[in-house]
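Visitor: Pasting upload-v1.txt below, which is compact mmCIF, C-alpha atoms.
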```txt
# COMPACT_ATOMS: atom_id res chain seq x y z
CA MET T 1 1.10 -3.78 -30.03
CA ILE T 2 1.94 -1.53 -27.08
CA ALA T 3 -0.77 0.90 -28.11
CA SER T 4 -3.39 -1.82 -27.61
CA THR T 5 -2.62 -1.91 -23.88
CA GLN T 6 -3.11 1.82 -23.39
CA THR T 7 -6.36 3.35 -22.29
CA ASN T 8 -8.07 6.70 -22.33
CA HIS T 9 -8.84 6.32 -18.64
CA PRO T 10 -10.20 9.63 -17.31
CA LEU T 11 -7.75 11.50 -15.13
CA PRO T 12 -9.61 14.39 -13.50
CA ALA T 13 -6.70 15.18 -11.15
CA ALA T 14 -4.35 15.67 -14.07
CA ARG T 15 -6.70 18.25 -15.59
CA ASN T 16 -8.03 19.98 -12.50
CA ASN T 17 -5.71 20.88 -9.64
CA ASP T 18 -8.64 21.97 -7.44
CA VAL T 19 -9.93 18.38 -7.10
CA ARG T 20 -8.91 16.82 -3.82
CA PRO T 21 -7.99 13.10 -3.73
CA SER T 22 -10.78 12.34 -1.25
CA SER T 23 -13.40 13.61 -3.73
CA GLN T 24 -12.13 11.41 -6.58
CA PRO T 25 -12.56 7.70 -7.14
CA ARG T 26 -9.49 5.96 -5.75
CA ILE T 27 -8.51 4.49 -9.14
CA ASP T 28 -8.42 8.02 -10.58
CA VAL T 29 -6.15 9.17 -7.75
CA ALA T 30 -3.79 6.25 -8.41
CA CYS T 31 -3.78 6.84 -12.18
CA ALA T 32 -3.15 10.56 -11.69
CA ARG T 33 -0.08 9.72 -9.58
CA LEU T 34 1.21 7.42 -12.34
CA LYS T 35 0.59 10.10 -14.96
CA SER T 36 2.30 12.82 -12.89
CA ALA T 37 5.35 10.55 -12.58
CA GLY T 38 5.48 10.21 -16.36
CA LEU T 39 4.25 6.60 -16.49
CA ARG T 40 1.75 5.48 -19.09
CA ILE T 41 -1.69 4.34 -17.97
CA THR T 42 -1.88 0.81 -19.37
CA GLN T 43 -4.53 -1.89 -18.99
CA PRO T 44 -2.20 -4.14 -16.91
CA ARG T 45 -1.38 -1.26 -14.55
CA ILE T 46 -5.06 -0.42 -14.14
CA ALA T 47 -5.89 -4.09 -13.51
CA ILE T 48 -3.19 -4.33 -10.82
CA LEU T 49 -4.29 -1.06 -9.18
CA GLU T 50 -7.92 -2.17 -9.16
CA ALA T 51 -6.94 -5.51 -7.60
CA LEU T 52 -4.91 -3.73 -4.90
CA LEU T 53 -7.78 -1.32 -4.22
CA ARG T 54 -10.12 -4.28 -3.58
CA GLN T 55 -7.85 -5.55 -0.77
CA ASP T 56 -8.27 -4.54 2.86
CA GLU T 57 -4.95 -6.01 3.97
CA PRO T 58 -1.52 -6.48 2.37
CA ILE T 59 -1.22 -9.40 -0.07
CA THR T 60 1.59 -11.29 -1.79
CA ILE T 61 2.45 -10.84 -5.45
CA GLU T 62 1.25 -14.38 -6.11
CA GLN T 63 -2.13 -13.68 -4.48
CA LEU T 64 -2.43 -10.48 -6.49
CA HIS T 65 -1.55 -12.28 -9.73
CA ALA T 66 -4.02 -15.07 -8.97
CA GLY T 67 -6.80 -12.46 -8.78
CA LEU T 68 -6.01 -11.16 -12.26
CA THR T 69 -7.03 -12.80 -15.49
CA ARG T 70 -4.07 -14.25 -17.36
CA ALA T 71 -4.96 -12.31 -20.50
CA ARG T 72 -4.64 -9.01 -18.61
CA CYS T 73 -1.32 -9.49 -16.89
CA ASP T 74 1.46 -12.05 -16.49
CA LEU T 75 3.47 -12.56 -13.29
CA VAL T 76 6.54 -10.69 -14.58
CA THR T 77 4.37 -7.65 -15.33
CA VAL T 78 2.97 -7.76 -11.80
CA TYR T 79 6.51 -7.78 -10.36
CA ARG T 80 7.60 -4.89 -12.60
CA CYS T 81 4.51 -2.81 -11.94
CA LEU T 82 4.72 -3.27 -8.18
CA ALA T 83 8.39 -2.25 -8.25
CA ALA T 84 7.47 0.93 -10.15
CA PHE T 85 4.47 1.57 -7.87
CA GLU T 86 6.65 1.13 -4.78
CA GLU T 87 9.24 3.55 -6.13
CA LEU T 88 6.46 6.13 -6.57
CA GLY T 89 5.10 5.46 -3.08
CA LEU T 90 1.87 4.16 -4.59
CA VAL T 91 2.23 0.83 -2.76
CA ARG T 92 3.82 -0.07 0.54
CA ARG T 93 5.76 -3.25 1.13
CA CYS T 94 5.61 -5.09 4.43
CA PHE T 95 6.83 -8.52 5.44
CA LEU T 96 5.57 -11.57 7.24
CA HIS T 97 7.85 -12.93 9.97
CA ASN T 98 9.17 -15.53 7.49
CA GLY T 99 10.28 -12.83 5.04
CA THR T 100 7.38 -13.07 2.58
CA ALA T 101 6.83 -9.67 0.94
CA LEU T 102 3.31 -8.24 1.04
CA PHE T 103 1.99 -5.19 -0.78
CA GLN T 104 -0.76 -2.70 0.01
CA ILE T 105 -2.03 0.33 -1.90
CA SER T 106 -0.94 3.69 -0.47
CA LEU T 107 -2.87 6.70 -1.77
CA THR T 108 -1.91 9.00 1.12
CA ASP T 109 1.30 9.83 2.95
CA ASP T 110 -0.15 8.55 6.22
CA ALA T 111 1.97 5.95 7.99
CA VAL T 112 0.34 2.52 8.31
CA PHE T 113 1.55 -0.07 10.80
CA HIS T 114 0.53 -3.70 11.16
CA VAL T 115 0.75 -6.42 13.76
CA ILE T 116 1.21 -9.87 12.29
CA ASN T 117 0.24 -12.95 14.25
CA ARG T 118 3.16 -15.38 13.94
CA GLN T 119 0.94 -18.39 14.61
CA THR T 120 -1.89 -17.67 12.19
CA GLY T 121 -0.41 -15.15 9.76
CA VAL T 122 -3.38 -12.85 10.37
CA ILE T 123 -2.47 -9.22 9.68
CA GLU T 124 -4.19 -6.45 11.59
CA THR T 125 -3.81 -2.77 10.77
CA LEU T 126 -3.06 -0.77 13.89
CA ASP T 127 -5.24 2.23 14.69
CA PRO T 128 -3.50 5.44 13.51
CA SER T 129 -4.53 7.29 16.68
CA VAL T 130 -2.57 4.75 18.72
CA THR T 131 0.47 4.77 16.43
CA SER T 132 0.67 8.53 15.91
CA GLU T 133 3.69 8.91 18.23
CA LEU T 134 5.51 6.15 16.37
CA ALA T 135 4.68 7.81 13.03
CA GLU T 136 6.06 11.11 14.33
CA ALA T 137 9.28 9.42 15.53
CA VAL T 138 9.73 7.69 12.17
CA GLU T 139 9.17 10.96 10.29
CA LYS T 140 11.66 12.74 12.55
CA MET T 141 14.29 10.06 11.91
CA ASN T 142 13.64 10.15 8.15
CA SER T 143 14.10 13.94 8.20
CA ARG T 144 17.29 13.64 10.22
CA LEU T 145 18.74 11.11 7.75
CA THR T 146 17.83 13.40 4.85
CA GLU T 147 19.60 16.29 6.61
CA MET T 148 22.66 14.03 6.95
CA GLY T 149 22.74 13.69 3.16
CA TYR T 150 20.92 10.38 2.69
CA GLU T 151 18.54 10.19 -0.27
CA GLY T 152 15.55 7.98 -0.91
CA VAL T 153 15.10 7.27 2.80
CA GLY T 154 12.55 4.56 3.47
CA THR T 155 11.18 3.01 6.62
CA LEU T 156 9.75 -0.40 7.39
CA VAL T 157 8.16 -1.01 10.78
CA GLU T 158 6.11 -4.12 11.43
CA PHE T 159 5.11 -5.76 14.68
CA PHE T 160 5.09 -9.54 15.12
CA ALA T 161 3.40 -11.29 17.99
CA ASN T 162 1.71 -14.45 19.14
CA LYS T 163 -1.84 -13.78 20.26
CA SER T 164 -2.62 -15.94 23.25
CA ALA T 165 -5.98 -17.49 23.98
CA THR T 166 -6.12 -15.33 27.11
CA ALA T 167 -5.58 -12.08 25.17
CA ALA T 168 -7.05 -8.82 26.38
CA PRO T 169 -10.82 -8.43 26.10
CA ALA T 170 -12.16 -7.37 22.71
CA ARG T 171 -12.73 -3.80 23.90
CA ALA T 172 -9.02 -3.33 24.76
CA GLN T 173 -7.99 -4.95 21.48
CA ALA T 174 -10.38 -2.77 19.52
CA SER T 175 -8.66 0.41 20.66
CA LEU T 176 -5.30 -0.91 19.46
CA VAL T 177 -6.26 -2.25 16.07
CA GLY T 178 -9.08 0.12 15.19
CA VAL T 179 -11.95 -2.34 15.08
CA SER T 180 -15.23 -1.78 16.81
CA ALA T 181 -16.09 -4.08 19.68
```
For this file, write the structure as structure tokens.
Guide:
Amino acid sequence: MIASTQTNHPLPAARNNDVRPSSQPRIDVACARLKSAGLRITQPRIAILEALLRQDEPITIEQLHAGLTRARCDLVTVYRCLAAFEELGLVRRCFLHNGTALFQISLTDDAVFHVINRQTGVIETLDPSVTSELAEAVEKMNSRLTEMGYEGVGTLVEFFANKSATAAPARAQASLVGVSA
């Protein structure tokens, strides 16, 4: 019955190398990355990718599974798919301060950093223009480790903070987290 979970999902990137990821629907970009890694494009994988693409912020595996219909994907399949996606760099894992793993789709190689409010659990994505120096330092360290003979180098940087009631005005916060004031 494996064949019944496969799809003929269109993969323009697999057929046309001139197509840039930004000009393709995001699900096609994700499926093309699976295909180029030699993974089959199955209905459960597509359902998980579509659910991740609908999210603005990282979510837990349980939240992801709850958003899927039971007929499409069981919890074990979600765990296995996310492990495979993470290995491919298709998803990024981050953590809450209590150790809960969160996952977010990653269709580019751009570094993404978050600040997590310890009191509320609210996750804010930091503005890339503000974190560019950090991203450069992380890339430099990853390169240095690779030169030293390490393989499969990965990095996890998250910021945790308590946001006080007397926090900086919205305009100052907006420049840090990339939201308009």
Visitor: If you count only C-alpha atoms, which residues fall within 7 Å of Gln104 (chain T), apart from same-chain ones fewer than 6 positions away, as a PyMOL selection string?
Guide: chain T and resi 52+57-59+91-93
Visitor: With distances taken over only C-alpha atoms, which of T:Asn162, T:Gln43, T:Thr155, T:Thr100 is nearest to Glu62 (chain T)?
Guide: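 Of T:Asn162, T:Gln43, T:Thr155, T:Thr100, the one nearest Glu62 (chain T), counting only C-alpha atoms, is T:Thr100.
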Visitor: Name all residues at most 10 Å from region 74-81 of chain T (count all atoms listed in the file; drop same-chain ones fewer than 3 positions away) and give them as a count of residues only.
Guide: 18
Visitor: Which residue gives the smallest distance to Ala30 (chain T) among T:Asn142, T:Ser106, T:Thr42, T:Gln63, with only C-alpha atoms counted?
Guide: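 Among T:Asn142, T:Ser106, T:Thr42, T:Gln63, it is T:Ser106 that comes nearest to Ala30 (chain T).
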Visitor: For Arg26 (chain T), which of T:Arg54, T:Glu136, T:Leu145, T:His114 is the closest residue, counting all atoms listed in the file?
Guide: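 Going through T:Arg54, T:Glu136, T:Leu145, T:His114 one by one, the smallest distance to Arg26 (chain T) is for T:Arg54.
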Visitor: Would you mind reading off the distance between CA of Val112 (chain T) and CA of Pro128 (chain T), one decimal, in Å?
Guide: 7.1 Å
Visitor: Mind giving me the straight-line distance from CA of Ile105 (chain T) to CA of Leu90 (chain T) in Å, one decimal?
Guide: 6.1 Å
Visitor: What gap, in Å, lies between CA of Val122 (chain T) and CA of Ile46 (chain T)?
Guide: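 Going from CA of Val122 (chain T) over to CA of Ile46 (chain T) covers 27.5 Å.
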Visitor: Which is closer to Val29 (chain T) than all the others in T:Leu126, T:Lys140, T:Gln119, T:Leu53, using all atoms listed in the file?
Guide: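 Of T:Leu126, T:Lys140, T:Gln119, T:Leu53, the one nearest Val29 (chain T), counting all atoms listed in the file, is T:Leu53.
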Visitor: Which of these, T:Ala83, T:Cys94, T:Asp56, T:Leu88, has the shortest distance to Gly38 (chain T) once you count all atoms listed in the file?
Guide: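 For Gly38 (chain T), the nearest of the candidates is T:Leu88.
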Visitor: How would region 41-63 of chain T read, as a PDB file, in the coordinates of the input, once N, CA and C atoms are built in?
Guide:
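This went into rebuild16.pdb:
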```pdb
ATOM      1  N   ILE T  41      -0.558   5.014 -18.599  1.00  0.00           N
ATOM      2  CA  ILE T  41      -1.690   4.340 -17.970  1.00  0.00           C
ATOM      3  C   ILE T  41      -2.064   3.178 -18.882  1.00  0.00           C
ATOM      4  N   THR T  42      -1.630   1.977 -18.540  1.00  0.00           N
ATOM      5  CA  THR T  42      -1.880   0.810 -19.370  1.00  0.00           C
ATOM      6  C   THR T  42      -2.929  -0.086 -18.723  1.00  0.00           C
ATOM      7  N   GLN T  43      -3.522  -0.960 -19.512  1.00  0.00           N
ATOM      8  CA  GLN T  43      -4.530  -1.890 -18.990  1.00  0.00           C
ATOM      9  C   GLN T  43      -3.952  -2.767 -17.873  1.00  0.00           C
ATOM     10  N   PRO T  44      -2.742  -3.340 -18.015  1.00  0.00           N
ATOM     11  CA  PRO T  44      -2.200  -4.140 -16.910  1.00  0.00           C
ATOM     12  C   PRO T  44      -2.025  -3.320 -15.628  1.00  0.00           C
ATOM     13  N   ARG T  45      -1.554  -2.098 -15.743  1.00  0.00           N
ATOM     14  CA  ARG T  45      -1.380  -1.260 -14.550  1.00  0.00           C
ATOM     15  C   ARG T  45      -2.722  -0.968 -13.892  1.00  0.00           C
ATOM     16  N   ILE T  46      -3.728  -0.671 -14.692  1.00  0.00           N
ATOM     17  CA  ILE T  46      -5.060  -0.420 -14.140  1.00  0.00           C
ATOM     18  C   ILE T  46      -5.598  -1.677 -13.469  1.00  0.00           C
ATOM     19  N   ALA T  47      -5.412  -2.829 -14.093  1.00  0.00           N
ATOM     20  CA  ALA T  47      -5.890  -4.090 -13.510  1.00  0.00           C
ATOM     21  C   ALA T  47      -5.225  -4.350 -12.163  1.00  0.00           C
ATOM     22  N   ILE T  48      -3.926  -4.113 -12.074  1.00  0.00           N
ATOM     23  CA  ILE T  48      -3.190  -4.330 -10.820  1.00  0.00           C
ATOM     24  C   ILE T  48      -3.657  -3.334  -9.769  1.00  0.00           C
ATOM     25  N   LEU T  49      -3.800  -2.072 -10.131  1.00  0.00           N
ATOM     26  CA  LEU T  49      -4.290  -1.060  -9.180  1.00  0.00           C
ATOM     27  C   LEU T  49      -5.678  -1.409  -8.674  1.00  0.00           C
ATOM     28  N   GLU T  50      -6.563  -1.817  -9.575  1.00  0.00           N
ATOM     29  CA  GLU T  50      -7.920  -2.170  -9.160  1.00  0.00           C
ATOM     30  C   GLU T  50      -7.907  -3.365  -8.208  1.00  0.00           C
ATOM     31  N   ALA T  51      -7.040  -4.351  -8.489  1.00  0.00           N
ATOM     32  CA  ALA T  51      -6.940  -5.510  -7.600  1.00  0.00           C
ATOM     33  C   ALA T  51      -6.421  -5.099  -6.224  1.00  0.00           C
ATOM     34  N   LEU T  52      -5.436  -4.211  -6.182  1.00  0.00           N
ATOM     35  CA  LEU T  52      -4.910  -3.730  -4.900  1.00  0.00           C
ATOM     36  C   LEU T  52      -5.975  -2.925  -4.147  1.00  0.00           C
ATOM     37  N   LEU T  53      -6.751  -2.138  -4.858  1.00  0.00           N
ATOM     38  CA  LEU T  53      -7.780  -1.320  -4.220  1.00  0.00           C
ATOM     39  C   LEU T  53      -8.897  -2.178  -3.616  1.00  0.00           C
ATOM     40  N   ARG T  54      -9.096  -3.383  -4.123  1.00  0.00           N
ATOM     41  CA  ARG T  54     -10.120  -4.280  -3.580  1.00  0.00           C
ATOM     42  C   ARG T  54      -9.676  -4.943  -2.268  1.00  0.00           C
ATOM     43  N   GLN T  55      -8.388  -4.875  -1.950  1.00  0.00           N
ATOM     44  CA  GLN T  55      -7.850  -5.550  -0.770  1.00  0.00           C
ATOM     45  C   GLN T  55      -7.910  -4.665   0.463  1.00  0.00           C
ATOM     46  N   ASP T  56      -8.282  -5.265   1.585  1.00  0.00           N
ATOM     47  CA  ASP T  56      -8.270  -4.540   2.860  1.00  0.00           C
ATOM     48  C   ASP T  56      -6.931  -4.654   3.559  1.00  0.00           C
ATOM     49  N   GLU T  57      -6.228  -5.738   3.310  1.00  0.00           N
ATOM     50  CA  GLU T  57      -4.950  -6.010   3.970  1.00  0.00           C
ATOM     51  C   GLU T  57      -3.880  -6.268   2.916  1.00  0.00           C
ATOM     52  N   PRO T  58      -2.610  -6.190   3.313  1.00  0.00           N
ATOM     53  CA  PRO T  58      -1.520  -6.480   2.370  1.00  0.00           C
ATOM     54  C   PRO T  58      -1.613  -7.907   1.823  1.00  0.00           C
ATOM     55  N   ILE T  59      -1.204  -8.077   0.554  1.00  0.00           N
ATOM     56  CA  ILE T  59      -1.220  -9.400  -0.070  1.00  0.00           C
ATOM     57  C   ILE T  59       0.101  -9.642  -0.787  1.00  0.00           C
ATOM     58  N   THR T  60       0.366 -10.924  -1.073  1.00  0.00           N
ATOM     59  CA  THR T  60       1.590 -11.290  -1.790  1.00  0.00           C
ATOM     60  C   THR T  60       1.397 -11.032  -3.285  1.00  0.00           C
ATOM     61  N   ILE T  61       2.502 -10.998  -3.990  1.00  0.00           N
ATOM     62  CA  ILE T  61       2.450 -10.840  -5.450  1.00  0.00           C
ATOM     63  C   ILE T  61       1.693 -12.003  -6.074  1.00  0.00           C
ATOM     64  N   GLU T  62       1.921 -13.201  -5.562  1.00  0.00           N
ATOM     65  CA  GLU T  62       1.250 -14.380  -6.110  1.00  0.00           C
ATOM     66  C   GLU T  62      -0.258 -14.312  -5.903  1.00  0.00           C
ATOM     67  N   GLN T  63      -0.691 -13.840  -4.730  1.00  0.00           N
ATOM     68  CA  GLN T  63      -2.130 -13.680  -4.480  1.00  0.00           C
ATOM     69  C   GLN T  63      -2.713 -12.621  -5.411  1.00  0.00           C
TER      70      GLN T  63
END
```
